[in-house]
Amino acid sequence: MSSQDLPEDPLERVLAIMARLRDPEAGCPWDLRQTWETIVPHTLEEAYEVADAISRRDFEAVRGELGDLLLQVVFYARIAEEEGRFDIQDVARTLAEKLVRRHPHVFADVRYDTEAEHHAAWEAEKARERVEAGEGRGPLDGVALALPALTRAVKLQKRAARVGFDWDGPGPVLDKVLEEFEEIRAEIEAEAPEARLRDEVGDLLFSVANLARHLGVDPEAALRGTNARFEHRFRFMEQALAAQGRRLEDADLQELDGLWEQAKQK
């Protein structure tokens, strides 16, 4: 099959290309070696690259990154089809059914008077789906282990909150954050082993994620923003010194602090 023989429809074309890449006789050796497990890291990376392109408002890049993410879906579906499990049509069919089922206020005669009612019905339907899929009945069942730790912390906290295990507001959570901070200070003064410090730092991060949730802030997005600001300011210091023919290593901490404050002003 040459490229001229591929279908004109874009999606059908992609599916045909993947089928050819996975052809045992004439396919690509790298694509033929891939399995469910080996593709997962690429899937996670592509999802983050989509998020990065969106954060930069680079929509030309978003289009390309979404294509790369779509490739992951097509790849999984092709492997599943080869194993006789399901195909891309089954994936699309399952998605369509789920969207209709979760939106009875759009596709059925159901009305929600408040956003809270809508959210409660949405979560109840998701819980029912998890039970039906055999994922268990516990509030914490089904929270993916592969999620970023901060995101997973918030999801676990939200699940616990549904059964009443939650703080009344941000005030008590802030007190908990300060308590965890003091516990780390005590462990440092006691020269605690690394494992103990790791546990205490984890407790602090979990509490900070909880505080972010109570404030309506996505901690993952907040930290990404802070990372971006740090990088921007650090590069400002680097460029300011380079303009003088110097490197970061040539400046003392006091000078670097001054440059950092200049970067913040800009």
# chains A, B, ... in the order shown; residues from 1 in each chain; ligands from 1
call {"tool": "residues_around", "arguments": {"residues": "Leu21 in chain A", "least_positions_apart": "5", "cutoff": "10 Å", "atoms": "only C-alpha atoms", "output": "list in words"}}
result
Leu15, Ala16, Ala26, Gly27, Cys28, Pro29, Trp30, Asp31, Leu32 and Phe75 of chain A
call {"tool": "select_by_dssp", "arguments": {"residues": "range 171-259 of chain A", "states": "alpha helix (DSSP H)", "output": "PyMOL selection string"}}
result
chain A and resi 171-189+194-214+219-242+253-259
call {"tool": "residues_around", "arguments": {"residues": "range 60-66 of chain A", "least_positions_apart": "4", "cutoff": "9 Å", "atoms": "only C-alpha atoms", "output": "PyMOL selection string"}}
result
chain A and resi 46-47+49-54+70-71
call {"tool": "write_last_selection", "arguments": {"atoms": "N, CA, C and O atoms", "output": "compact mmCIF listing (two decimals), in the first residue's frame"}}
result
# COMPACT_ATOMS: atom_id res chain seq x y z
N GLU A 46 2.29 12.84 26.19
CA GLU A 46 1.52 13.61 25.20
C GLU A 46 0.42 14.43 25.88
O GLU A 46 0.14 15.57 25.46
N ALA A 47 -0.19 13.88 26.93
CA ALA A 47 -1.23 14.63 27.65
C ALA A 47 -0.64 15.89 28.28
O ALA A 47 -1.24 16.97 28.23
N GLU A 49 1.99 17.46 27.20
CA GLU A 49 2.37 18.38 26.13
C GLU A 49 1.16 19.15 25.61
O GLU A 49 1.28 20.31 25.23
N VAL A 50 -0.02 18.51 25.62
CA VAL A 50 -1.24 19.23 25.28
C VAL A 50 -1.47 20.35 26.30
O VAL A 50 -1.75 21.50 25.94
N ALA A 51 -1.35 19.99 27.59
CA ALA A 51 -1.57 20.99 28.65
C ALA A 51 -0.57 22.14 28.53
O ALA A 51 -0.93 23.31 28.73
N ASP A 52 0.67 21.82 28.19
CA ASP A 52 1.70 22.86 28.05
C ASP A 52 1.37 23.80 26.90
O ASP A 52 1.47 25.03 27.04
N ALA A 53 0.96 23.25 25.76
CA ALA A 53 0.62 24.08 24.60
C ALA A 53 -0.56 24.99 24.90
O ALA A 53 -0.60 26.16 24.50
N ILE A 54 -1.55 24.45 25.65
CA ILE A 54 -2.71 25.27 26.01
C ILE A 54 -2.29 26.39 26.95
O ILE A 54 -2.74 27.54 26.81
N LEU A 70 -4.27 11.78 20.07
CA LEU A 70 -5.18 10.89 19.35
C LEU A 70 -4.47 9.63 18.88
O LEU A 70 -5.04 8.53 18.89
N LEU A 71 -3.22 9.77 18.49
CA LEU A 71 -2.44 8.61 18.06
C LEU A 71 -2.39 7.55 19.15
O LEU A 71 -2.44 6.36 18.87
call {"tool": "residues_around", "arguments": {"residues": "Val154 in chain A", "least_positions_apart": "2", "cutoff": "10 Å", "atoms": "only C-alpha atoms", "output": "list in words"}}
result
Ala149, Leu150, Thr151, Arg152, Leu156, Gln157, Lys158, Arg159, Ala160, Phe206, Ser207, Val208, Ala209, Asn210, Leu211, Ala212, Arg213, His214, Asp218, Pro219 and Glu220 of chain A
call {"tool": "closest_residue", "arguments": {"among": "A:Arg130, A:Pro148, A:Ala19, A:Asp113", "to": "Ile88 in chain A", "atoms": "only C-alpha atoms"}}
result
A:Ala19
call {"tool": "atom_distance", "arguments": {"atom1": "CA of Ala92 in chain A", "atom2": "CA of Ala77 in chain A"}}
result
10.4 Å
call {"tool": "decode", "arguments": {"residues": "range 181-214 of chain A", "atoms": "N, CA and C atoms", "output": "short mmCIF file (atom, residue, chain, number, x, y, z; two decimals), in the first residue's frame"}}
result
data_model
loop_
_atom_site.label_atom_id
_atom_site.label_comp_id
_atom_site.auth_asym_id
_atom_site.auth_seq_id
_atom_site.Cartn_x
_atom_site.Cartn_y
_atom_site.Cartn_z
N PHE A 181 3.80 21.84 59.30
CA PHE A 181 5.06 22.58 59.15
C PHE A 181 5.89 22.48 60.43
N GLU A 182 5.24 22.64 61.58
CA GLU A 182 5.95 22.56 62.86
C GLU A 182 6.45 21.15 63.13
N GLU A 183 5.71 20.15 62.66
CA GLU A 183 6.17 18.77 62.84
C GLU A 183 7.45 18.51 62.04
N ILE A 184 7.54 19.11 60.85
CA ILE A 184 8.77 18.97 60.06
C ILE A 184 9.92 19.66 60.79
N ARG A 185 9.67 20.84 61.34
CA ARG A 185 10.71 21.56 62.08
C ARG A 185 11.24 20.69 63.24
N ALA A 186 10.31 20.04 63.95
CA ALA A 186 10.71 19.21 65.08
C ALA A 186 11.54 18.02 64.62
N GLU A 187 11.16 17.43 63.50
CA GLU A 187 11.91 16.28 62.98
C GLU A 187 13.31 16.70 62.53
N ILE A 188 13.42 17.87 61.95
CA ILE A 188 14.74 18.37 61.52
C ILE A 188 15.63 18.58 62.75
N GLU A 189 15.05 19.21 63.78
CA GLU A 189 15.83 19.47 64.99
C GLU A 189 16.24 18.18 65.68
N ALA A 190 15.39 17.14 65.54
CA ALA A 190 15.70 15.84 66.14
C ALA A 190 16.60 14.99 65.26
N GLU A 191 17.01 15.56 64.10
CA GLU A 191 17.85 14.84 63.14
C GLU A 191 17.22 13.49 62.77
N ALA A 192 15.94 13.57 62.43
CA ALA A 192 15.20 12.36 62.07
C ALA A 192 15.75 11.75 60.79
N PRO A 193 15.58 10.43 60.60
CA PRO A 193 16.05 9.77 59.37
C PRO A 193 15.26 10.24 58.15
N GLU A 194 15.82 9.98 56.99
CA GLU A 194 15.20 10.44 55.74
C GLU A 194 13.77 9.93 55.57
N ALA A 195 13.54 8.67 55.93
CA ALA A 195 12.19 8.10 55.76
C ALA A 195 11.16 8.89 56.56
N ARG A 196 11.55 9.30 57.78
CA ARG A 196 10.62 10.07 58.61
C ARG A 196 10.38 11.45 58.03
N LEU A 197 11.42 12.08 57.54
CA LEU A 197 11.27 13.39 56.91
C LEU A 197 10.40 13.30 55.66
N ARG A 198 10.59 12.23 54.90
CA ARG A 198 9.78 12.05 53.69
C ARG A 198 8.29 11.96 54.05
N ASP A 199 7.98 11.22 55.12
CA ASP A 199 6.59 11.09 55.55
C ASP A 199 6.01 12.44 55.97
N GLU A 200 6.80 13.19 56.71
CA GLU A 200 6.31 14.49 57.20
C GLU A 200 6.12 15.49 56.06
N VAL A 201 7.06 15.50 55.12
CA VAL A 201 6.92 16.38 53.95
C VAL A 201 5.68 15.97 53.15
N GLY A 202 5.46 14.67 53.02
CA GLY A 202 4.26 14.19 52.32
C GLY A 202 2.99 14.66 53.01
N ASP A 203 2.98 14.61 54.35
CA ASP A 203 1.81 15.09 55.10
C ASP A 203 1.58 16.57 54.85
N LEU A 204 2.68 17.34 54.80
CA LEU A 204 2.55 18.78 54.55
C LEU A 204 1.98 19.05 53.16
N LEU A 205 2.50 18.35 52.16
CA LEU A 205 2.02 18.54 50.80
C LEU A 205 0.54 18.15 50.68
N PHE A 206 0.17 17.07 51.35
CA PHE A 206 -1.23 16.63 51.31
C PHE A 206 -2.13 17.70 51.94
N SER A 207 -1.67 18.30 53.04
CA SER A 207 -2.44 19.35 53.69
C SER A 207 -2.54 20.60 52.82
N VAL A 208 -1.45 20.94 52.13
CA VAL A 208 -1.47 22.09 51.23
C VAL A 208 -2.44 21.84 50.07
N ALA A 209 -2.44 20.62 49.54
CA ALA A 209 -3.40 20.28 48.49
C ALA A 209 -4.83 20.41 49.00
N ASN A 210 -5.05 20.03 50.24
CA ASN A 210 -6.38 20.14 50.84
C ASN A 210 -6.77 21.60 51.00
N LEU A 211 -5.81 22.45 51.40
CA LEU A 211 -6.08 23.88 51.53
C LEU A 211 -6.45 24.46 50.17
N ALA A 212 -5.69 24.08 49.14
CA ALA A 212 -5.99 24.57 47.78
C ALA A 212 -7.40 24.18 47.38
N ARG A 213 -7.79 22.94 47.68
CA ARG A 213 -9.14 22.47 47.33
C ARG A 213 -10.19 23.33 48.01
N HIS A 214 -10.00 23.63 49.29
CA HIS A 214 -10.99 24.43 50.02
C HIS A 214 -11.03 25.88 49.53
#
